[in-house]
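**Q** The following block contains the structure, expressed as structure tokens.
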Number of protein chains: 2
Amino acid sequence: MKPEMPWGGGRILELDTEECWELMGGRETGRVGWGGPEGQTIHPVNHAVGNGAVWLRTTAYSSLAREADESPVAFQVDDIDDVTRAGWSVLVRGTAHLTWPGEAARDLPELEPWVEGLRPVWVQIRPTAVTGRRLLPR
Amino acid sequence: MKPEMPWGGGRILELDTEECWELMGGRETGRVGWGGPEGQTIHPVNHAVGNGAVWLRTTAYSSLAREADESPVAFQVDDIDDVTRAGWSVLVRGTAHLTWPGEAARDLPELEPWVEGLRPVWVQIRPTAVTGRRLLPR
């Protein structure tokens, strides 16, 4: 083992649920994670927040559309500064509910995909838990 | 459904493995994802790259230490710009191998935890697949 300075990092504060939603809504991109046949996956995606859920859009043939419908997923947003080594992270755990083209969908938020190509599948992440942490500067 | 502009986003390019490692090594933080008893989890963490693996440090009582040893995990690093809506993301899939205090460990990289508290557990993510994508500006 190398010599080390194990106590040197910043302090962690837990965020309340309201602050988690506010921080998530203030960023345009996050990451969706799930377990599929190829193992654990984390993909970046632009998102919207609305009606107590997180919304994504995807193609009909994406791994997300093929593997995650009605499955447990995580959605994570963070903003961490490399210089101050401080920032925050919000984690939404829940189930992905997909709306395919032609299916009736209600309460869809404004959400323009950042990636080219037809992305007609809406992914609604219905949260079972929303948690967050702030890392304070040293 | 709202009126929409489905073809408007940026183009995606696949990255080769060498470029993925280079990009990962150039950032200090990423996110580790796994499936545990509380569902899917994604946690931000500072990392090092060395000997063909990704290395993290954690506490002995963290959910990562309790749930992910010898389990499938994902490690993801990205850098996406909200203004240009362009950037990149690298995904490592593999297995987490934990080294507990007192166990012999070889080839540990330099890695100072960003979070306070004793973090004596080393997490080595041994990759089975390394993939990445670049999102070009529109």
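Each chain in the structure tokens gets a letter, A, B, ..., in the order shown, and its residues are numbered from 1; ligands are numbered from 1 in order too.
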Please identify which residues in region 24-66 of chain B DSSP calls helix (DSSP H, G or I) from the backbone, and express them as number ranges by chain.
**A** B: 24-25, 63-66
**Q** Enumerate as JSON, numbers by chain the residues belonging to chain B that approach chain A to within 8 Å, with only C-alpha atoms taken into account.
**A** {"B": [1, 2, 4, 5, 6, 7, 8, 9, 10, 11, 12, 28, 29, 33, 34, 35, 39, 40, 41, 42, 43, 44, 72, 73, 74, 75, 76, 78, 82, 85, 89, 91, 93, 94, 105, 106, 108, 110, 112, 113, 114, 115, 116, 117, 118, 119, 120, 135]}
**Q** What would the file look like if the residues just selected were written as a tab-separated table (two decimals), in the first residue's frame with C-alpha atoms?
**A**
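The result, written out as selection_27.tsv:
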```tsv
chain	number	residue	atom	x	y	z
B	1	MET	CA	-48.14	14.13	-28.75
B	2	LYS	CA	-46.55	17.51	-29.16
B	4	GLU	CA	-41.66	17.98	-32.72
B	5	MET	CA	-38.48	18.14	-34.75
B	6	PRO	CA	-37.26	14.58	-34.55
B	7	TRP	CA	-34.21	14.83	-36.82
B	8	GLY	CA	-32.67	17.89	-35.30
B	9	GLY	CA	-29.91	16.57	-33.04
B	10	GLY	CA	-26.19	16.01	-33.41
B	11	ARG	CA	-24.47	13.06	-35.00
B	12	ILE	CA	-22.97	10.17	-32.96
B	28	GLU	CA	-10.78	12.64	-12.44
B	29	THR	CA	-14.39	11.66	-11.78
B	33	GLY	CA	-23.32	1.68	-11.43
B	34	TRP	CA	-24.59	-1.65	-10.17
B	35	GLY	CA	-27.75	-3.47	-9.22
B	39	GLY	CA	-32.44	-1.30	-7.01
B	40	GLN	CA	-30.16	0.19	-9.60
B	41	THR	CA	-27.56	2.58	-8.23
B	42	ILE	CA	-25.30	5.17	-9.87
B	43	HIS	CA	-22.79	6.98	-7.64
B	44	PRO	CA	-20.24	9.59	-8.64
B	72	PRO	CA	-21.13	-6.88	-12.64
B	73	VAL	CA	-20.65	-3.12	-12.59
B	74	ALA	CA	-20.56	-0.24	-15.04
B	75	PHE	CA	-18.19	2.70	-14.88
B	76	GLN	CA	-18.99	5.75	-16.95
B	78	ASP	CA	-18.48	11.82	-19.82
B	82	ASP	CA	-24.81	22.20	-22.41
B	85	ARG	CA	-24.85	20.08	-26.90
B	89	SER	CA	-19.13	9.40	-23.00
B	91	LEU	CA	-18.64	3.12	-20.67
B	93	ARG	CA	-18.48	-2.87	-18.27
B	94	GLY	CA	-16.82	-5.39	-16.02
B	105	ALA	CA	-2.64	-5.55	-3.18
B	106	ARG	CA	-0.44	-4.99	-6.17
B	108	LEU	CA	-2.39	0.21	-6.89
B	110	GLU	CA	-2.09	7.01	-7.10
B	112	GLU	CA	-6.53	10.37	-3.27
B	113	PRO	CA	-10.21	10.22	-2.26
B	114	TRP	CA	-12.21	13.42	-2.73
B	115	VAL	CA	-14.51	12.61	0.18
B	116	GLU	CA	-13.52	12.74	3.85
B	117	GLY	CA	-13.22	9.63	5.99
B	118	LEU	CA	-11.15	6.52	5.91
B	119	ARG	CA	-11.53	4.82	2.53
B	120	PRO	CA	-9.37	1.73	2.86
B	135	LEU	CA	-21.82	13.53	-29.88
```
**Q** For Thr17 (chain A), work out the shell of residues within 10 Å, counting only C-alpha atoms and skipping chain neighbours fewer than 2 positions away, then give it as a list in words.
**A**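 The residues satisfying every condition are Glu14, Leu15, Glu19, Cys20, Trp21, Glu22, Leu23, Val90, Ala129, Val130, Thr131 and Gly132 of chain A.
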**Q** Looking at A:Gly25, A:Asp69, A:Val121, A:Trp100, which one is nearest to His47 (chain A), with distances taken over only C-alpha atoms?
**A**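 Result for the nearest residue to His47 (chain A): A:Gly25.
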**Q** Hey, what does DSSP flag as strand (DSSP E) within region 35-82 of chain B? Can you give it to me as a PyMOL selection string?
**A** chain B and resi 35-36+39-46+48-50+53-58+72-81
**Q** Got time to write the residues from that selection, N, CA and C atoms, as a tab-separated table (two decimals), in the first residue's frame?
**A**
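Result saved to selection.tsv:
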```tsv
chain	number	residue	atom	x	y	z
B	35	GLY	N	-26.43	-3.12	-9.71
B	35	GLY	CA	-27.75	-3.47	-9.22
B	35	GLY	C	-27.64	-4.10	-7.85
B	36	GLY	N	-28.36	-3.57	-6.88
B	36	GLY	CA	-28.31	-4.10	-5.52
B	36	GLY	C	-29.71	-4.31	-4.98
B	39	GLY	N	-32.19	-1.64	-5.61
B	39	GLY	CA	-32.44	-1.30	-7.01
B	39	GLY	C	-31.15	-0.90	-7.70
B	40	GLN	N	-31.31	-0.29	-8.85
B	40	GLN	CA	-30.16	0.19	-9.60
B	40	GLN	C	-29.57	1.42	-8.91
B	41	THR	N	-28.25	1.48	-8.89
B	41	THR	CA	-27.56	2.58	-8.23
B	41	THR	C	-26.51	3.17	-9.17
B	42	ILE	N	-26.39	4.49	-9.18
B	42	ILE	CA	-25.30	5.17	-9.87
B	42	ILE	C	-24.71	6.18	-8.89
B	43	HIS	N	-23.44	6.05	-8.56
B	43	HIS	CA	-22.79	6.98	-7.64
B	43	HIS	C	-21.58	7.62	-8.31
B	44	PRO	N	-21.44	8.92	-8.13
B	44	PRO	CA	-20.24	9.59	-8.64
B	44	PRO	C	-19.04	9.23	-7.77
B	45	VAL	N	-17.87	9.19	-8.37
B	45	VAL	CA	-16.67	8.80	-7.62
B	45	VAL	C	-15.45	9.29	-8.38
B	46	ASN	N	-14.40	9.65	-7.64
B	46	ASN	CA	-13.16	9.96	-8.36
B	46	ASN	C	-12.38	8.67	-8.56
B	48	ALA	N	-9.01	6.40	-10.78
B	48	ALA	CA	-7.73	6.38	-11.49
B	48	ALA	C	-7.78	5.22	-12.47
B	49	VAL	N	-6.94	5.34	-13.49
B	49	VAL	CA	-6.83	4.30	-14.51
B	49	VAL	C	-5.43	3.74	-14.43
B	50	GLY	N	-5.30	2.40	-14.41
B	50	GLY	CA	-3.96	1.82	-14.37
B	50	GLY	C	-4.00	0.32	-14.60
B	53	ALA	N	-7.19	-1.36	-15.89
B	53	ALA	CA	-8.38	-1.40	-15.04
B	53	ALA	C	-8.73	0.01	-14.57
B	54	VAL	N	-9.93	0.15	-14.02
B	54	VAL	CA	-10.36	1.39	-13.37
B	54	VAL	C	-10.33	1.14	-11.88
B	55	TRP	N	-9.82	2.10	-11.12
B	55	TRP	CA	-9.67	1.95	-9.67
B	55	TRP	C	-10.46	3.03	-8.94
B	56	LEU	N	-11.12	2.60	-7.87
B	56	LEU	CA	-11.86	3.50	-6.99
B	56	LEU	C	-11.47	3.19	-5.56
B	57	ARG	N	-11.82	4.09	-4.65
B	57	ARG	CA	-11.65	3.81	-3.22
B	57	ARG	C	-12.95	4.07	-2.50
B	58	THR	N	-13.23	3.27	-1.48
B	58	THR	CA	-14.49	3.43	-0.77
B	58	THR	C	-14.32	3.03	0.69
B	72	PRO	N	-21.21	-7.70	-11.44
B	72	PRO	CA	-21.13	-6.88	-12.64
B	72	PRO	C	-21.37	-5.41	-12.31
B	73	VAL	N	-20.50	-4.55	-12.80
B	73	VAL	CA	-20.65	-3.12	-12.59
B	73	VAL	C	-20.42	-2.38	-13.91
B	74	ALA	N	-20.88	-1.15	-13.94
B	74	ALA	CA	-20.56	-0.24	-15.04
B	74	ALA	C	-19.80	0.94	-14.46
B	75	PHE	N	-18.86	1.45	-15.24
B	75	PHE	CA	-18.19	2.70	-14.88
B	75	PHE	C	-18.29	3.62	-16.09
B	76	GLN	N	-18.72	4.85	-15.84
B	76	GLN	CA	-18.99	5.75	-16.95
B	76	GLN	C	-18.36	7.11	-16.69
B	77	VAL	N	-17.76	7.67	-17.72
B	77	VAL	CA	-17.18	9.00	-17.65
B	77	VAL	C	-17.71	9.77	-18.85
B	78	ASP	N	-18.07	11.03	-18.66
B	78	ASP	CA	-18.48	11.82	-19.82
B	78	ASP	C	-18.04	13.26	-19.66
B	79	ASP	N	-18.20	14.00	-20.72
B	79	ASP	CA	-17.96	15.44	-20.71
B	79	ASP	C	-18.85	16.01	-21.80
B	80	ILE	N	-19.97	16.57	-21.38
B	80	ILE	CA	-20.98	17.03	-22.33
B	80	ILE	C	-21.25	18.50	-22.06
B	81	ASP	N	-21.22	19.29	-23.10
B	81	ASP	CA	-21.36	20.74	-22.97
B	81	ASP	C	-22.80	21.15	-23.24
```
